[in-house]
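For reference, my_file_10.pdb (PDB, C-alpha atoms):
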ATOM      1  CA  THR A 281       2.663 -55.253  -2.460
ATOM      2  CA  THR A 282       3.720 -52.134  -4.261
ATOM      3  CA  VAL A 283       3.536 -49.001  -2.154
ATOM      4  CA  ARG A 284       2.920 -45.897  -4.205
ATOM      5  CA  ALA A 285       4.748 -42.739  -3.291
ATOM      6  CA  PRO A 286       2.440 -40.011  -2.009
ATOM      7  CA  ALA A 287       1.440 -37.410  -4.548
ATOM      8  CA  PRO A 288       3.378 -34.184  -4.199
ATOM      9  CA  ALA A 289       1.586 -31.432  -2.325
ATOM     10  CA  VAL A 290       0.191 -28.725  -4.536
ATOM     11  CA  ALA A 291      -0.024 -25.225  -3.127
ATOM     12  CA  PRO A 292      -3.580 -23.914  -3.435
ATOM     13  CA  ALA A 293      -4.069 -21.017  -5.808
ATOM     14  CA  PRO A 294      -4.835 -17.735  -4.072
ATOM     15  CA  ALA A 295      -8.496 -16.788  -4.065
ATOM     16  CA  PRO A 296      -9.644 -13.883  -6.224
ATOM     17  CA  LEU A 297      -9.806 -10.589  -4.382
ATOM     18  CA  ARG A 298     -13.103  -8.921  -3.634
ATOM     19  CA  PRO A 299     -13.300  -5.593  -5.490
ATOM     20  CA  ALA A 300     -12.010  -2.768  -3.285
ATOM     21  CA  PRO A 301     -14.112   0.358  -2.674
ATOM     22  CA  THR A 302     -13.554   3.277  -5.035
ATOM     23  CA  GLY A 303     -15.006   6.749  -5.317
ATOM     24  CA  LEU A 304     -16.177   9.115  -2.592
ATOM     25  CA  SER A 305     -18.037   8.047   0.538
ATOM     26  CA  GLY A 306     -21.729   8.751   1.062
ATOM     27  CA  GLU A 307     -23.574   9.940   4.152
ATOM     28  CA  ARG A 308     -24.651   6.394   5.023
ATOM     29  CA  ASP A 309     -21.049   5.146   4.798
ATOM     30  CA  ARG A 310     -19.805   7.934   7.046
ATOM     31  CA  HIS A 311     -22.535   7.388   9.646
ATOM     32  CA  ALA A 312     -21.831   3.648   9.788
ATOM     33  CA  PHE A 313     -18.083   4.266  10.043
ATOM     34  CA  ARG A 314     -18.586   6.709  12.927
ATOM     35  CA  GLU A 315     -20.547   4.047  14.796
ATOM     36  CA  LEU A 316     -17.763   1.513  14.207
ATOM     37  CA  ALA A 317     -15.096   3.944  15.447
ATOM     38  CA  ALA A 318     -17.115   5.701  18.174
ATOM     39  CA  ASP A 319     -14.657   4.855  20.967
ATOM     40  CA  ILE A 320     -11.671   6.484  19.271
ATOM     41  CA  TRP A 321     -13.372   9.119  17.092
ATOM     42  CA  GLU A 322     -12.417  12.158  19.193
ATOM     43  CA  GLU A 323      -8.789  11.027  19.349
ATOM     44  CA  HIS A 324      -8.515  11.598  15.599
ATOM     45  CA  SER A 325     -11.019  14.374  14.912
ATOM     46  CA  GLY A 326      -8.862  17.122  16.477
ATOM     47  CA  PRO A 327      -5.697  16.441  14.443
ATOM     48  CA  VAL A 328      -7.775  16.034  11.275
ATOM     49  CA  GLY A 329      -9.464  19.367  11.940
ATOM     50  CA  GLN A 330      -6.033  21.003  12.240
ATOM     51  CA  ALA A 331      -4.949  19.441   8.946
ATOM     52  CA  LEU A 332      -8.070  20.816   7.248
ATOM     53  CA  ILE A 333      -7.220  24.301   8.534
ATOM     54  CA  ARG A 334      -3.638  24.039   7.252
ATOM     55  CA  LEU A 335      -4.665  22.572   3.899
ATOM     56  CA  PRO A 336      -8.186  23.666   2.888
ATOM     57  CA  ALA A 337      -7.786  21.825  -0.435
ATOM     58  CA  LEU A 338      -8.315  18.558   1.465
ATOM     59  CA  ARG A 339     -11.986  19.501   1.777
ATOM     60  CA  SER A 340     -12.448  19.360  -2.026
ATOM     61  CA  SER A 341     -15.994  17.957  -1.997
ATOM     62  CA  GLY A 342     -17.377  19.077   1.357
ATOM     63  CA  GLU A 343     -16.041  19.436   4.892
ATOM     64  CA  GLU A 344     -18.351  16.899   6.508
ATOM     65  CA  GLY A 345     -17.233  14.191   4.127
ATOM     66  CA  ALA A 346     -13.590  15.246   4.350
ATOM     67  CA  ASN A 347     -13.594  15.015   8.143
ATOM     68  CA  ALA A 348     -14.849  11.416   8.252
ATOM     69  CA  ASP A 349     -12.744  10.328   5.281
ATOM     70  CA  LEU A 350      -9.517  11.712   6.731
ATOM     71  CA  ILE A 351     -10.277  10.291  10.165
ATOM     72  CA  ALA A 352     -10.419   6.899   8.429
ATOM     73  CA  VAL A 353      -6.983   7.500   6.882
ATOM     74  CA  ARG A 354      -5.468   8.688  10.164
ATOM     75  CA  LEU A 355      -7.003   5.738  12.012
ATOM     76  CA  TYR A 356      -5.425   3.355   9.515
ATOM     77  CA  LEU A 357      -2.032   5.066   9.800
ATOM     78  CA  SER A 358      -2.113   4.825  13.598
ATOM     79  CA  SER A 359      -3.197   1.164  13.619
ATOM     80  CA  GLY A 360      -0.772  -1.735  13.597
ATOM     81  CA  PRO A 361      -1.397  -4.567  11.125
ATOM     82  CA  ASP A 362      -3.057  -6.713  13.826
ATOM     83  CA  ASP A 363      -5.131  -3.929  15.407
ATOM     84  CA  PRO A 364      -8.942  -3.790  15.041
ATOM     85  CA  PHE A 365      -8.636  -1.222  12.227
ATOM     86  CA  GLY A 366      -5.373  -2.510  10.753
ATOM     87  CA  ALA A 367      -4.537  -4.137   7.442
ATOM     88  CA  ARG A 368      -5.244  -7.720   8.502
ATOM     89  CA  ALA A 369      -8.647  -6.824   9.935
ATOM     90  CA  LEU A 370      -9.617  -5.115   6.676
ATOM     91  CA  ALA A 371      -8.607  -8.201   4.704
ATOM     92  CA  ALA A 372     -10.166 -10.720   7.110
ATOM     93  CA  ASP A 373     -13.474  -8.989   7.889
ATOM     94  CA  PRO A 374     -14.370  -6.964   4.784
ATOM     95  CA  ASP A 375     -18.146  -7.042   5.292
ATOM     96  CA  ARG A 376     -18.211  -5.654   8.835
ATOM     97  CA  LEU A 377     -15.537  -3.047   8.089
ATOM     98  CA  ARG A 378     -16.922  -2.047   4.684
ATOM     99  CA  PRO A 379     -18.008   1.469   5.833
ATOM    100  CA  TYR A 380     -14.499   2.064   7.186
ATOM    101  CA  ALA A 381     -12.931   0.771   3.962
ATOM    102  CA  VAL A 382     -15.170   3.054   1.871
ATOM    103  CA  CYS A 383     -14.237   6.149   3.910
ATOM    104  CA  LEU A 384     -10.571   5.143   3.854
ATOM    105  CA  ALA A 385     -10.541   4.840   0.065
ATOM    106  CA  SER A 386     -12.402   8.144  -0.217
ATOM    107  CA  GLY A 387      -9.946   9.825   2.148
ATOM    108  CA  LEU A 388      -6.946   8.663   0.152
ATOM    109  CA  ARG A 389      -8.412  10.319  -2.944
ATOM    110  CA  ARG A 390      -8.299  13.637  -1.080
ATOM    111  CA  LEU A 391      -4.575  13.443  -0.281
ATOM    112  CA  PRO A 392      -1.817  14.782  -2.583
ATOM    113  CA  ALA A 393      -0.532  12.372  -5.228
ATOM    114  CA  LEU A 394       3.103  11.343  -5.056
ATOM    115  CA  ARG A 395       5.725  10.670  -7.709
ATOM    116  CA  GLY A 396       9.161   9.120  -7.415
ATOM    117  CA  THR A 397      10.200   5.660  -6.223
ATOM    118  CA  LEU A 398       8.293   3.885  -3.477
ATOM    119  CA  ILE A 399       9.702   0.941  -1.551
ATOM    120  CA  ARG A 400       7.994  -2.001   0.112
ATOM    121  CA  ALA A 401      10.026  -4.694   1.906
ATOM    122  CA  VAL A 402       9.072  -8.365   2.040
ATOM    123  CA  PRO A 403      10.587 -10.915   4.465
ATOM    124  CA  GLN A 404      11.412 -13.670   1.973
ATOM    125  CA  PRO A 405      14.540 -15.841   1.629
ATOM    126  CA  GLY A 406      14.546 -14.919  -2.058
ATOM    127  CA  ILE A 407      12.276 -13.724  -4.819
ATOM    128  CA  PRO A 408       9.393 -16.208  -5.358
ATOM    129  CA  ASP A 409       9.527 -18.211  -8.595
ATOM    130  CA  ASP A 410       6.192 -16.836  -9.826
ATOM    131  CA  VAL A 411       7.271 -13.195  -9.466
ATOM    132  CA  VAL A 412       8.517 -12.821 -13.036
ATOM    133  CA  PRO A 413       8.325 -10.002 -15.610
ATOM    134  CA  GLY A 414       4.719  -9.605 -16.725
ATOM    135  CA  ALA A 415       3.201 -11.042 -13.540
ATOM    136  CA  VAL A 416       0.728  -8.803 -11.719
ATOM    137  CA  LEU A 417       0.763  -8.326  -7.941
ATOM    138  CA  THR A 418      -1.899  -6.666  -5.823
ATOM    139  CA  CYS A 419      -2.895  -5.828  -2.245
ATOM    140  CA  ASP A 420      -6.105  -6.585  -0.342
ATOM    141  CA  ALA A 421      -5.646  -3.673   2.096
ATOM    142  CA  PRO A 422      -4.031  -0.240   1.717
ATOM    143  CA  LEU A 423      -0.323  -0.739   1.070
ATOM    144  CA  ASP A 424       2.185   1.224   3.167
ATOM    145  CA  VAL A 425       5.385   2.233   1.378
ATOM    146  CA  VAL A 426       8.352   4.579   1.862
ATOM    147  CA  HIS A 427       9.109   7.405  -0.568
ATOM    148  CA  ALA A 428      12.757   6.667  -1.361
ATOM    149  CA  GLU A 429      13.597  10.230  -2.428
ATOM    150  CA  ALA A 430      12.117  11.888   0.687
ATOM    151  CA  ARG A 431      14.458  13.556   3.162
ATOM    152  CA  GLY A 432      15.558  11.073   5.815
ATOM    153  CA  ALA A 433      13.803   8.143   4.138
ATOM    154  CA  ALA A 434      14.521   4.788   5.744
ATOM    155  CA  VAL A 435      16.144   1.928   3.827
ATOM    156  CA  PRO A 436      15.118  -1.733   4.366
ATOM    157  CA  PRO A 437      17.598  -4.194   5.895
ATOM    158  CA  ASP A 438      19.499  -6.104   3.210
ATOM    159  CA  ALA A 439      17.984  -9.394   4.408
ATOM    160  CA  LEU A 440      14.566  -8.325   3.096
ATOM    161  CA  VAL A 441      13.536  -8.428  -0.558
ATOM    162  CA  ARG A 442      12.937  -4.877  -1.787
ATOM    163  CA  TYR A 443       9.976  -4.136  -4.039
ATOM    164  CA  ALA A 444      10.572  -0.813  -5.825
ATOM    165  CA  ILE A 445       7.433   0.733  -7.307
ATOM    166  CA  ARG A 446       6.894   3.350  -9.983
ATOM    167  CA  PRO A 447       3.558   4.862  -8.842
ATOM    168  CA  VAL A 448       0.560   6.499 -10.468
ATOM    169  CA  THR A 449      -2.006   6.875  -7.666
ATOM    170  CA  ALA A 450       0.067   6.707  -4.449
ATOM    171  CA  ARG A 451      -0.846   9.317  -1.842
ATOM    172  CA  ARG A 452       1.418  11.291   0.478
ATOM    173  CA  THR A 453       0.272  10.737   4.057
ATOM    174  CA  SER A 454       2.595  13.194   5.804
ATOM    175  CA  VAL A 455      -0.049  15.937   5.445
ATOM    176  CA  LEU A 456      -1.832  14.274   8.373
ATOM    177  CA  THR A 457       1.217  14.456  10.663
ATOM    178  CA  ARG A 458       1.779  17.365  13.043
ATOM    179  CA  ASP A 459       4.751  18.834  11.136
ATOM    180  CA  GLY A 460       3.598  17.795   7.664
ATOM    181  CA  ASP A 461       6.865  15.929   7.170
ATOM    182  CA  GLY A 462       7.705  12.284   6.614
ATOM    183  CA  ALA A 463       8.402   9.704   3.941
ATOM    184  CA  GLY A 464       5.257   7.604   4.290
ATOM    185  CA  ALA A 465       2.817   6.954   1.455
ATOM    186  CA  LEU A 466      -0.150   4.688   0.760
ATOM    187  CA  PHE A 467      -1.649   2.861  -2.172
ATOM    188  CA  ALA A 468      -5.372   2.165  -1.994
ATOM    189  CA  ALA A 469      -6.565  -1.401  -1.471
ATOM    190  CA  GLY A 470      -6.909  -3.262  -4.749
ATOM    191  CA  THR A 471      -4.084  -1.403  -6.506
ATOM    192  CA  SER A 472      -2.169  -3.703  -8.852
ATOM    193  CA  PHE A 473       1.440  -3.674  -9.992
ATOM    194  CA  THR A 474       3.142  -5.205 -13.027
ATOM    195  CA  VAL A 475       6.515  -6.869 -12.517
ATOM    196  CA  LEU A 476       9.117  -5.226 -14.759
ATOM    197  CA  ALA A 477      12.234  -7.085 -13.658
ATOM    198  CA  ARG A 478      13.719  -9.160 -10.856
ATOM    199  CA  ARG A 479      17.258  -8.826  -9.534
ATOM    200  CA  GLU A 480      18.695 -11.586  -7.377
ATOM    201  CA  ARG A 481      20.813 -10.895  -4.313
ATOM    202  CA  GLY A 482      24.541 -10.694  -5.080
ATOM    203  CA  ASP A 483      27.654  -8.512  -5.282
ATOM    204  CA  GLY A 484      26.638  -6.755  -2.090
ATOM    205  CA  SER A 485      23.220  -5.761  -3.437
ATOM    206  CA  PRO A 486      19.914  -6.913  -1.916
ATOM    207  CA  ALA A 487      17.326  -8.935  -3.826
ATOM    208  CA  ARG A 488      14.830  -6.608  -5.471
ATOM    209  CA  VAL A 489      11.747  -6.613  -7.666
ATOM    210  CA  LEU A 490      10.977  -3.662  -9.935
ATOM    211  CA  LEU A 491       7.287  -2.819 -10.337
ATOM    212  CA  ALA A 492       5.120  -0.273 -12.114
ATOM    213  CA  GLU A 493       1.595   0.492 -10.985
ATOM    214  CA  THR A 494      -0.896  -0.981 -13.428
ATOM    215  CA  PRO A 495      -3.361   1.610 -14.777
ATOM    216  CA  GLY A 496      -6.875   1.244 -13.399
ATOM    217  CA  GLY A 497      -9.957   0.937 -15.553
ATOM    218  CA  GLY A 498      -8.289  -1.339 -18.092
ATOM    219  CA  GLY A 499      -6.090   1.407 -19.521
ATOM    220  CA  PRO A 500      -3.036   0.435 -21.588
ATOM    221  CA  PHE A 501       0.139  -0.377 -19.687
ATOM    222  CA  ARG A 502       3.226   1.405 -20.965
ATOM    223  CA  GLU A 503       6.496  -0.168 -19.949
ATOM    224  CA  PRO A 504       9.029   2.375 -18.639
ATOM    225  CA  SER A 505      12.109   3.200 -20.693
ATOM    226  CA  ALA A 506      15.448   1.544 -19.976
ATOM    227  CA  GLY A 507      16.598   4.748 -18.282
ATOM    228  CA  ALA A 508      13.547   4.853 -16.012
ATOM    229  CA  LEU A 509      14.050   1.182 -15.150
ATOM    230  CA  GLU A 510      17.687   1.810 -14.193
ATOM    231  CA  LYS A 511      16.639   4.753 -12.019
ATOM    232  CA  LEU A 512      14.113   2.510 -10.267
ATOM    233  CA  ASP A 513      16.764  -0.149  -9.695
ATOM    234  CA  ALA A 514      19.260   2.409  -8.384
ATOM    235  CA  ALA A 515      16.728   3.570  -5.798
ATOM    236  CA  ALA A 516      16.080  -0.040  -4.786
ATOM    237  CA  ARG A 517      19.823  -0.705  -4.333
ATOM    238  CA  ARG A 518      20.376   2.341  -2.126
ATOM    239  CA  SER A 519      22.380   1.758   1.044
ATOM    240  CA  ALA A 520      21.290   3.081   4.414
ATOM    241  CA  ALA A 521      22.871   6.494   5.018
ATOM    242  CA  GLY A 522      21.115   7.559   8.225
ATOM    243  CA  GLU A 523      19.713   6.137  11.425
ATOM    244  CA  THR A 524      16.030   6.104  10.499
ATOM    245  CA  PRO A 525      14.765   2.568  11.240
ATOM    246  CA  TRP A 526      12.742   0.779   8.612
ATOM    247  CA  PRO A 527       9.023   0.997   9.565
ATOM    248  CA  GLY A 528       7.466  -2.370  10.267
ATOM    249  CA  ARG A 529       4.177  -1.332   8.640
ATOM    250  CA  CYS A 530       6.021  -1.040   5.300
ATOM    251  CA  THR A 531       7.008  -4.716   5.506
ATOM    252  CA  GLY A 532       4.795  -7.520   4.250
ATOM    253  CA  PRO A 533       3.874  -9.501   1.145
ATOM    254  CA  LEU A 534       1.906  -8.588  -1.937
ATOM    255  CA  ARG A 535      -0.428 -11.105  -3.571
ATOM    256  CA  LEU A 536      -0.258 -12.603  -7.014
ATOM    257  CA  TYR A 537      -3.289 -11.216  -8.844
ATOM    258  CA  VAL A 538      -6.024 -13.718  -9.693
ATOM    259  CA  PRO A 539      -8.727 -12.287 -11.989
ATOM    260  CA  PRO A 540     -12.327 -12.915 -10.896
ATOM    261  CA  ALA A 541     -14.128 -15.755 -12.622
ATOM    262  CA  SER A 542     -16.245 -14.600 -15.561
TER     263      SER A 542
END

Representation of the structure as structure tokens:
Amino acid sequence: TTVRAPAPAVAPAPAPLRPAPTGLSGERDRHAFRELAADIWEEHSGPVGQALIRLPALRSSGEEGANADLIAVRLYLSSGPDDPFGARALAADPDRLRPYAVCLASGLRRLPALRGTLIRAVPQPGIPDDVVPGAVLTCDAPLDVVHAEARGAAVPPDALVRYAIRPVTARRTSVLTRDGDGAGALFAAGTSFTVLARRERGDGSPARVLLAETPGGGGPFREPSAGALEKLDAAARRSAAGETPWPGRCTGPLRLYVPPAS
């Protein structure tokens, strides 16, 4: 009797992402979010109120909306990935947490935009085979990153793969800290990134992937110049110069983008 070898296992394709919230929150969203976060609302409302006094521009489209929206952002920033309002909860329970996600996306729109190089670290033995130039990566929850050019910015351990991002819509989150300082930034859930280049580990340099944020709304993607690409790579290769530890919330994978079925 001939025994056939078992068929090789095939990794399942990632499921398409549900569209992330965009735009400003409405009164119904804010009311539902306040009910979800009732137990910890006061913990965040005071610091947010102080931020609104320091930076009135955060109110932009109304103080009532700004207060709830920025509480959502601060709640996310103070939550670990596995906490009830953390990244994994947003990805795993999108229906129940939809009001929170709407206010969070709305709050990010109120924060100052950020330029420069942003770094995300991924615990991988090497760069995955499907992360090649032209591939598109995305995130199903807000993506925490470090602004590489900020004063005292942390640098990932060399054992992690570094994803260096050229941003368009990233938001500076330090405005919600007591001293207004810090190197943290966030991309909204659903942001996508085009792979520009991959650099394998070697010659004392860590493995790194160079990305550019993909324009939203189907706008044309313009590949950065060779000089801009080299600047991005130089920031990704940077060695640790201080004692600032790499933040755990800025570590974790991105997803390969799968377009929704037509």

Could you pull the residues within 9 Å of Ala381 of chain A, counting only C-alpha atoms, minus those fewer than 2 positions along the same chain, as a PyMOL selection string?
chain A and resi 300-301+313+352+370+374+377-379+383-386+421+469

I'd like the contact shell of Phe501 of chain A - 10 Å cut-off, all atoms listed in the file, skipping same-chain residues fewer than 6 positions apart - returned as a ChimeraX atom specification.
/A:474,492-495

Just say which residues the PyMOL selection byres ((chain A and resi 360) around 12) picks in this file, as an MDAnalysis selection string.
chainID A and resid 354:359 361:370 424 527:531

Applying 12 Å and all atoms listed in the file, which residues near Trp526 of chain A remain after dropping the ones on its own chain fewer than 6 positions away? List them as a list of chain:residue names.
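My list of contacting residues is A:Ile399, A:Arg400, A:Ala401, A:Val402, A:Asp424, A:Val425, A:Val426, A:His427, A:Ala428, A:Gly432, A:Ala433, A:Ala434, A:Val435, A:Pro436, A:Pro437, A:Asp438, A:Leu440, A:Arg442, A:Ala463, A:Gly464, A:Ala520.
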
Between atom CA of Gly329 of chain A and atom CA of Gly462 of chain A, what distance in Å does the model show, to one decimal?
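So the answer is 19.3 Å.
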
Find the spatial neighbours of segment 345-350 of chain A, counting all atoms listed in the file, within a cut-off of 8 Å - ignore same-chain residues fewer than 6 positions away - and output them as a PDB file with C-alpha atoms, in the coordinates of the input.
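result24.pdb written:
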ATOM      1  CA  SER A 305     -18.037   8.047   0.538  1.00  0.00           C
ATOM      2  CA  GLY A 306     -21.729   8.751   1.062  1.00  0.00           C
ATOM      3  CA  GLU A 307     -23.574   9.940   4.152  1.00  0.00           C
ATOM      4  CA  ARG A 310     -19.805   7.934   7.046  1.00  0.00           C
ATOM      5  CA  ARG A 314     -18.586   6.709  12.927  1.00  0.00           C
ATOM      6  CA  SER A 325     -11.019  14.374  14.912  1.00  0.00           C
ATOM      7  CA  VAL A 328      -7.775  16.034  11.275  1.00  0.00           C
ATOM      8  CA  GLY A 329      -9.464  19.367  11.940  1.00  0.00           C
ATOM      9  CA  LEU A 338      -8.315  18.558   1.465  1.00  0.00           C
ATOM     10  CA  ARG A 339     -11.986  19.501   1.777  1.00  0.00           C
ATOM     11  CA  CYS A 383     -14.237   6.149   3.910  1.00  0.00           C
ATOM     12  CA  LEU A 384     -10.571   5.143   3.854  1.00  0.00           C
ATOM     13  CA  ALA A 385     -10.541   4.840   0.065  1.00  0.00           C
ATOM     14  CA  SER A 386     -12.402   8.144  -0.217  1.00  0.00           C
ATOM     15  CA  GLY A 387      -9.946   9.825   2.148  1.00  0.00           C
ATOM     16  CA  LEU A 388      -6.946   8.663   0.152  1.00  0.00           C
ATOM     17  CA  ARG A 390      -8.299  13.637  -1.080  1.00  0.00           C
TER      18      ARG A 390
END

Residues near Val412 of chain A, anyone? I mean within 10 Å using all atoms listed in the file, not counting same-chain ones fewer than 2 positions away, as a ChimeraX atom specification.
/A:407-410,414-416,474-478,489-490

Written as JSON, numbers by chain, what is the full residue list that the PyMOL selection byres ((chain A and resi 517) around 9) yields on the file shown?
{"A": [442, 485, 486, 487, 488, 512, 513, 514, 515, 516, 518, 519]}

For atom CA of Leu491 of chain A and atom CA of Leu304 of chain A, quote the distance in Å rounded to one decimal.
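Computing it gives 27.4 Å between the two atoms.
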
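With distances restricted to only C-alpha atoms, A:Asp309 is the closest residue to Tyr380 of chain A from A:Asp309, A:Ala450, A:Pro413, A:Glu322.
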
Minimum-distance residue to Ser454 of chain A, chosen among A:Glu323, A:Leu394, A:Arg481, A:Leu417 (using only C-alpha atoms):
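With only C-alpha atoms as the atom set, the closest residue is A:Leu394.
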